[in-house]
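Okay, model-v7.cif now, which holds mmCIF, C-alpha atoms:
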data_protein
loop_
_atom_site.group_PDB
_atom_site.id
_atom_site.type_symbol
_atom_site.label_atom_id
_atom_site.label_comp_id
_atom_site.auth_asym_id
_atom_site.auth_seq_id
_atom_site.Cartn_x
_atom_site.Cartn_y
_atom_site.Cartn_z
ATOM 1 C CA MET A 1 111.174 84.776 60.764
ATOM 2 C CA THR A 2 114.728 83.570 60.269
ATOM 3 C CA PRO A 3 116.770 85.175 57.507
ATOM 4 C CA ASP A 4 117.475 83.118 54.402
ATOM 5 C CA TRP A 5 120.971 81.802 53.888
ATOM 6 C CA GLN A 6 121.934 84.622 51.491
ATOM 7 C CA ASP A 7 121.028 87.237 54.094
ATOM 8 C CA ALA A 8 122.945 85.304 56.746
ATOM 9 C CA VAL A 9 126.043 85.309 54.529
ATOM 10 C CA ARG A 10 125.677 89.045 53.869
ATOM 11 C CA VAL A 11 125.446 89.707 57.613
ATOM 12 C CA ARG A 12 128.558 87.602 58.231
ATOM 13 C CA LEU A 13 130.370 89.456 55.454
ATOM 14 C CA HIS A 14 129.362 92.790 56.978
ATOM 15 C CA ARG A 15 130.600 91.634 60.392
ATOM 16 C CA LYS A 16 133.853 90.495 58.777
ATOM 17 C CA ASN A 17 133.410 86.948 60.094
ATOM 18 C CA ALA A 18 136.109 84.512 59.038
ATOM 19 C CA LEU A 19 133.475 81.879 58.221
ATOM 20 C CA LEU A 20 130.505 82.812 56.080
ATOM 21 C CA PHE A 21 128.634 79.523 56.453
ATOM 22 C CA HIS A 22 127.727 77.309 59.400
ATOM 23 C CA PRO A 23 127.000 73.563 59.433
ATOM 24 C CA GLN A 24 123.467 74.261 60.674
ATOM 25 C CA ASP A 25 122.607 76.721 57.866
ATOM 26 C CA ASP A 26 119.430 75.853 55.959
ATOM 27 C CA LEU A 27 121.449 75.816 52.740
ATOM 28 C CA LEU A 28 123.286 72.731 53.998
ATOM 29 C CA GLY A 29 120.209 70.923 55.343
ATOM 30 C CA GLU A 30 119.820 68.434 52.494
ATOM 31 C CA LEU A 31 123.561 67.776 52.437
ATOM 32 C CA ARG A 32 123.614 67.318 56.221
ATOM 33 C CA GLN A 33 120.813 64.777 55.940
ATOM 34 C CA LYS A 34 122.493 62.971 53.038
ATOM 35 C CA LEU A 35 125.846 62.720 54.814
ATOM 36 C CA HIS A 36 124.108 61.639 58.004
ATOM 37 C CA GLY A 37 122.829 58.582 56.151
ATOM 38 C CA LEU A 38 126.192 57.561 54.684
ATOM 39 C CA SER A 39 128.516 54.979 56.158
ATOM 40 C CA ARG A 40 131.770 56.181 57.652
ATOM 41 C CA ARG A 41 133.709 54.852 54.659
ATOM 42 C CA ALA A 42 131.400 56.646 52.221
ATOM 43 C CA CYS A 43 131.983 59.866 54.165
ATOM 44 C CA VAL A 44 135.743 59.335 53.852
ATOM 45 C CA LEU A 45 135.471 58.706 50.108
ATOM 46 C CA TRP A 46 133.254 61.784 49.707
ATOM 47 C CA ALA A 47 135.654 64.049 51.566
ATOM 48 C CA LEU A 48 138.830 62.775 49.906
ATOM 49 C CA SER A 49 137.348 62.999 46.403
ATOM 50 C CA LEU A 50 136.392 66.636 46.988
ATOM 51 C CA ALA A 51 139.759 67.303 48.590
ATOM 52 C CA GLU A 52 141.413 66.516 45.247
ATOM 53 C CA GLU A 53 139.687 69.562 43.757
ATOM 54 C CA THR A 54 140.763 71.690 46.701
ATOM 55 C CA VAL A 55 144.394 70.652 46.235
ATOM 56 C CA ARG A 56 144.200 71.763 42.589
ATOM 57 C CA ALA A 57 142.668 75.104 43.607
ATOM 58 C CA LEU A 58 145.407 75.657 46.197
ATOM 59 C CA ALA A 59 148.100 74.985 43.595
ATOM 60 C CA ALA A 60 147.121 78.279 41.950
ATOM 61 C CA PHE A 61 147.916 80.109 45.204
ATOM 62 C CA PHE A 62 150.936 78.057 46.262
ATOM 63 C CA PRO A 63 152.428 76.493 43.118
ATOM 64 C CA ALA A 64 155.648 75.358 44.801
ATOM 65 C CA ASP A 65 154.202 74.344 48.171
ATOM 66 C CA LEU A 66 153.630 70.630 48.595
ATOM 67 C CA ARG A 67 151.758 70.800 51.904
ATOM 68 C CA PRO A 68 148.248 70.585 50.411
ATOM 69 C CA ALA A 69 149.130 67.593 48.231
ATOM 70 C CA ASP A 70 151.026 65.996 51.138
ATOM 71 C CA ALA A 71 147.995 66.364 53.411
ATOM 72 C CA LEU A 72 145.739 64.634 50.899
ATOM 73 C CA ALA A 73 148.274 61.885 50.199
ATOM 74 C CA ALA A 74 148.768 61.248 53.902
ATOM 75 C CA ALA A 75 145.030 61.178 54.625
ATOM 76 C CA SER A 76 144.418 58.829 51.690
ATOM 77 C CA GLY A 77 147.266 56.620 52.898
ATOM 78 C CA TRP A 78 145.889 56.660 56.427
ATOM 79 C CA ALA A 79 142.456 55.552 55.176
ATOM 80 C CA ALA A 80 144.113 52.707 53.265
ATOM 81 C CA GLY A 81 146.282 51.636 56.201
ATOM 82 C CA GLU A 82 149.467 52.762 54.442
ATOM 83 C CA CYS A 83 150.259 55.748 56.641
ATOM 84 C CA THR A 84 150.247 56.264 60.379
ATOM 85 C CA MET A 85 147.829 58.558 62.139
ATOM 86 C CA ALA A 86 150.759 60.594 63.479
ATOM 87 C CA ARG A 87 152.167 61.255 60.016
ATOM 88 C CA ALA A 88 148.731 62.116 58.596
ATOM 89 C CA ARG A 89 148.028 64.435 61.530
ATOM 90 C CA ARG A 90 151.314 66.313 60.976
ATOM 91 C CA ALA A 91 150.548 66.729 57.270
ATOM 92 C CA ILE A 92 147.000 67.932 57.946
ATOM 93 C CA LEU A 93 148.161 70.423 60.585
ATOM 94 C CA ALA A 94 150.833 71.682 58.171
ATOM 95 C CA CYS A 95 148.090 72.399 55.653
ATOM 96 C CA HIS A 96 146.104 74.311 58.281
ATOM 97 C CA ALA A 97 149.291 76.249 59.128
ATOM 98 C CA LEU A 98 149.625 77.299 55.498
ATOM 99 C CA ALA A 99 146.440 79.332 55.954
ATOM 100 C CA LYS A 100 148.303 81.621 58.364
ATOM 101 C CA GLU A 101 150.972 82.308 55.753
ATOM 102 C CA THR A 102 148.713 83.960 53.197
ATOM 103 C CA ASP A 103 146.972 87.299 52.969
ATOM 104 C CA SER A 104 144.273 85.765 50.771
ATOM 105 C CA ALA A 105 141.075 85.003 52.676
ATOM 106 C CA GLU A 106 140.094 82.666 49.841
ATOM 107 C CA ALA A 107 143.332 80.675 50.034
ATOM 108 C CA ALA A 108 143.163 80.503 53.826
ATOM 109 C CA ALA A 109 139.616 79.144 53.684
ATOM 110 C CA LEU A 110 140.678 76.549 51.099
ATOM 111 C CA CYS A 111 143.549 75.406 53.335
ATOM 112 C CA HIS A 112 141.102 74.846 56.171
ATOM 113 C CA ALA A 113 138.611 73.143 53.832
ATOM 114 C CA LEU A 114 141.323 70.695 52.821
ATOM 115 C CA GLY A 115 142.373 70.103 56.415
ATOM 116 C CA GLN A 116 138.777 69.402 57.413
ATOM 117 C CA ALA A 117 138.272 67.032 54.472
ATOM 118 C CA CYS A 118 141.405 65.081 55.325
ATOM 119 C CA SER A 119 140.357 64.897 58.984
ATOM 120 C CA VAL A 120 137.185 62.992 58.044
ATOM 121 C CA VAL A 121 139.412 59.895 58.033
ATOM 122 C CA HIS A 122 139.717 60.387 61.798
ATOM 123 C CA THR A 123 136.043 61.148 62.444
ATOM 124 C CA PRO A 124 132.967 62.049 60.389
ATOM 125 C CA ARG A 125 132.518 65.051 62.707
ATOM 126 C CA HIS A 126 134.699 66.980 60.258
ATOM 127 C CA VAL A 127 132.544 66.173 57.231
ATOM 128 C CA LEU A 128 130.725 69.521 57.087
ATOM 129 C CA GLY A 129 133.960 71.452 57.582
ATOM 130 C CA LEU A 130 134.827 71.058 53.917
ATOM 131 C CA PRO A 131 131.678 72.771 52.577
ATOM 132 C CA VAL A 132 131.661 75.439 55.295
ATOM 133 C CA TYR A 133 135.197 76.526 54.428
ATOM 134 C CA GLU A 134 135.034 75.880 50.693
ATOM 135 C CA LEU A 135 131.810 77.845 50.264
ATOM 136 C CA THR A 136 133.395 80.641 52.285
ATOM 137 C CA ALA A 137 136.299 80.614 49.814
ATOM 138 C CA LEU A 138 133.885 80.739 46.892
ATOM 139 C CA VAL A 139 132.192 83.874 48.259
ATOM 140 C CA ARG A 140 135.583 85.430 49.073
ATOM 141 C CA ARG A 141 136.618 84.900 45.451
ATOM 142 C CA SER A 142 133.533 86.771 44.236
ATOM 143 C CA GLY A 143 133.869 89.597 46.734
ATOM 144 C CA ALA A 144 131.251 91.053 49.052
ATOM 145 C CA ASP A 145 129.258 92.530 46.178
ATOM 146 C CA GLY A 146 129.861 89.650 43.772
ATOM 147 C CA ALA A 147 127.224 87.393 42.277
ATOM 148 C CA TRP A 148 127.969 84.316 44.358
ATOM 149 C CA GLU A 149 124.503 82.896 45.110
ATOM 150 C CA SER A 150 124.193 80.717 42.008
ATOM 151 C CA SER A 151 127.786 79.471 42.368
ATOM 152 C CA VAL A 152 127.134 78.489 45.971
ATOM 153 C CA ARG A 153 123.933 76.635 45.044
ATOM 154 C CA ALA A 154 125.725 74.831 42.215
ATOM 155 C CA ARG A 155 128.538 73.793 44.544
ATOM 156 C CA VAL A 156 126.096 72.382 47.084
ATOM 157 C CA GLY A 157 124.547 70.413 44.212
ATOM 158 C CA ALA A 158 128.011 69.066 43.392
ATOM 159 C CA TYR A 159 128.452 67.989 47.028
ATOM 160 C CA LEU A 160 125.186 66.058 46.854
ATOM 161 C CA ALA A 161 126.182 64.355 43.598
ATOM 162 C CA ALA A 162 129.563 63.456 45.101
ATOM 163 C CA ALA A 163 127.774 61.906 48.087
ATOM 164 C CA ASP A 164 125.766 59.674 45.753
ATOM 165 C CA ARG A 165 128.994 58.573 44.009
ATOM 166 C CA ALA A 166 130.734 57.933 47.332
ATOM 167 C CA GLU A 167 127.821 55.819 48.524
ATOM 168 C CA ARG A 168 128.171 53.590 45.445
ATOM 169 C CA GLU A 169 131.977 53.463 45.607
ATOM 170 C CA ALA A 170 131.985 52.512 49.295
ATOM 171 C CA ARG A 171 130.407 49.189 48.324
ATOM 172 C CA LEU A 172 133.274 48.312 45.960
ATOM 173 C CA PRO A 173 136.317 46.337 47.091
ATOM 174 C CA ARG A 174 139.023 48.663 48.349
ATOM 175 C CA ARG A 175 141.936 48.530 50.739
ATOM 176 C CA TRP A 176 140.987 50.057 54.098
ATOM 177 C CA ALA A 177 142.885 50.640 57.303
ATOM 178 C CA PRO A 178 141.838 48.242 60.081
ATOM 179 C CA PHE A 179 139.766 50.922 61.817
ATOM 180 C CA LEU A 180 137.752 51.399 58.594
ATOM 181 C CA GLN A 181 137.381 47.745 57.648
ATOM 182 C CA ASP A 182 134.036 45.988 57.507
ATOM 183 C CA ARG A 183 131.994 45.938 60.632
ATOM 184 C CA SER A 184 128.336 45.223 60.806
ATOM 185 C CA ALA A 185 126.325 47.573 58.609
ATOM 186 C CA ALA A 186 124.345 48.732 61.639
ATOM 187 C CA ALA A 187 127.485 49.682 63.571
ATOM 188 C CA ASP A 188 128.919 51.538 60.566
ATOM 189 C CA ALA A 189 125.704 53.485 60.031
ATOM 190 C CA SER A 190 125.324 54.380 63.701
ATOM 191 C CA THR A 191 128.914 55.658 63.825
ATOM 192 C CA SER A 192 128.248 58.198 61.102
ATOM 193 C CA LYS A 193 124.819 59.167 62.438
ATOM 194 C CA GLU A 194 125.940 59.853 65.975
ATOM 195 C CA VAL A 195 128.754 62.187 65.003
ATOM 196 C CA ILE A 196 127.356 64.236 62.123
ATOM 197 C CA SER A 197 125.187 67.019 63.445
#
Take the structure in this file and express it as structure tokens.
Amino acid sequence: MTPDWQDAVRVRLHRKNALLFHPQDDLLGELRQKLHGLSRRACVLWALSLAEETVRALAAFFPADLRPADALAAASGWAAGECTMARARRAILACHALAKETDSAEAAALCHALGQACSVVHTPRHVLGLPVYELTALVRRSGADGAWESSVRARVGAYLAAADRAEREARLPRRWAPFLQDRSAAADASTSKEVIS
């Protein structure tokens, strides 16, 4: 019998793992399936909308540091065709680098969550990176003995609701970079399905 997700997190905490969640965890099964069915553009909208919350959370740790906000702005600009991939990549990597400059495991996990979310513009393969890192940050905030189970469940519910919103918003007119512009619906769906696992 496999351990439930709470036990798996407790084991990872005990082992002092950097990441407390894994994309294949049962907890993320419904979300994995939902994201698997979204178009690439819906995945981008999902990730960038959640990244806005992560930027606000990071502002509490780094009030004067613009790297988180710059990463989100660059990724959003890249998705809209207003920023180059090279500039967005530099901004995203700078956000990941910020994680090495803090002693807070929560802040470090949030930096990586943001970097993963912004990288969804490049490929949907990064789509589960946001929840894996953000949920890790949530548990780190509560502490090893904290009551984090209900918060984690609620956050996964918020991810699912955000996916529903992104699916609707992806159908609305919006400016997209050429690599995200309309293709056949079948090609768009197969792109997301082949890379999200």
Given the PyMOL selection byres ((chain A and resi 111) around 9), the residues it picks as a PyMOL selection string: chain A and resi 54-55+58+68+95-99+106-110+112-116+133-134
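In terms of minimum interatomic distance to Val44 (chain A), A:Ala170 ranks closest within A:Ala170, A:Leu93, A:Leu28, A:Cys83, counting only C-alpha atoms.
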The PyMOL selection byres ((chain A and resi 140) around 12) - which residues does that actually catch in the file I just gave you? List them as a ChimeraX atom specification. /A:9-10,12-13,16-21,104-110,133-139,141-148,151-152
Take the PyMOL selection byres ((chain A and resi 81) around 9), apply it to the structure above, and return the hits as a PyMOL selection string. chain A and resi 76-80+82-84+175-180
For Arg41 (chain A): contacts at 12 Å, all atoms listed in the file, fewer than 6 positions along chain excluded, given as a CSV table (one decimal) with C-alpha atoms, in the coordinates of the input:
chain,number,residue,atom,x,y,z
A,35,LEU,CA,125.8,62.7,54.8
A,47,ALA,CA,135.7,64.0,51.6
A,48,LEU,CA,138.8,62.8,49.9
A,76,SER,CA,144.4,58.8,51.7
A,79,ALA,CA,142.5,55.6,55.2
A,80,ALA,CA,144.1,52.7,53.3
A,120,VAL,CA,137.2,63.0,58.0
A,121,VAL,CA,139.4,59.9,58.0
A,122,HIS,CA,139.7,60.4,61.8
A,123,THR,CA,136.0,61.1,62.4
A,124,PRO,CA,133.0,62.0,60.4
A,127,VAL,CA,132.5,66.2,57.2
A,163,ALA,CA,127.8,61.9,48.1
A,166,ALA,CA,130.7,57.9,47.3
A,167,GLU,CA,127.8,55.8,48.5
A,168,ARG,CA,128.2,53.6,45.4
A,169,GLU,CA,132.0,53.5,45.6
A,170,ALA,CA,132.0,52.5,49.3
A,171,ARG,CA,130.4,49.2,48.3
A,172,LEU,CA,133.3,48.3,46.0
A,173,PRO,CA,136.3,46.3,47.1
A,174,ARG,CA,139.0,48.7,48.3
A,175,ARG,CA,141.9,48.5,50.7
A,176,TRP,CA,141.0,50.1,54.1
A,177,ALA,CA,142.9,50.6,57.3
A,178,PRO,CA,141.8,48.2,60.1
A,179,PHE,CA,139.8,50.9,61.8
A,180,LEU,CA,137.8,51.4,58.6
A,181,GLN,CA,137.4,47.7,57.6
A,182,ASP,CA,134.0,46.0,57.5
A,183,ARG,CA,132.0,45.9,60.6
A,185,ALA,CA,126.3,47.6,58.6
A,188,ASP,CA,128.9,51.5,60.6
A,189,ALA,CA,125.7,53.5,60.0
A,191,THR,CA,128.9,55.7,63.8
A,192,SER,CA,128.2,58.2,61.1
What is the CA of Ala94 (chain A) to CA of Leu130 (chain A) distance in Å?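 Here the two named atoms are 16.6 Å from each other.
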Kindly indicate which residue among A:Ala8, A:Ala74, A:Leu38, A:Ala69 lies nearest to Asp25 (chain A), using only C-alpha atoms for the distances.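 Among A:Ala8, A:Ala74, A:Leu38, A:Ala69, it is A:Ala8 that comes nearest to Asp25 (chain A).
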Quick check, in Å to one decimal: how far apart do CA of Glu101 (chain A) and CA of Tyr159 (chain A) lie?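 Spanning CA of Glu101 (chain A) to CA of Tyr159 (chain A) is a straight-line distance of 28.1 Å.
From CA of Arg90 (chain A) back to CA of Ala71 (chain A), the distance works out to 8.3 Å.
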Give the answer as one residue: which of A:Val11, A:Leu31, A:Ala51, A:Val132 has the shortest atom-to-atom distance to Gly157 (chain A), using only C-alpha atoms? A:Leu31
Given only C-alpha atoms as the basis, pick out the residue of A:Leu66, A:Phe61, A:Ala161, A:Ala154 nearest to Ser49 (chain A).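 So, comparing all the options, the nearest one is A:Ala161.
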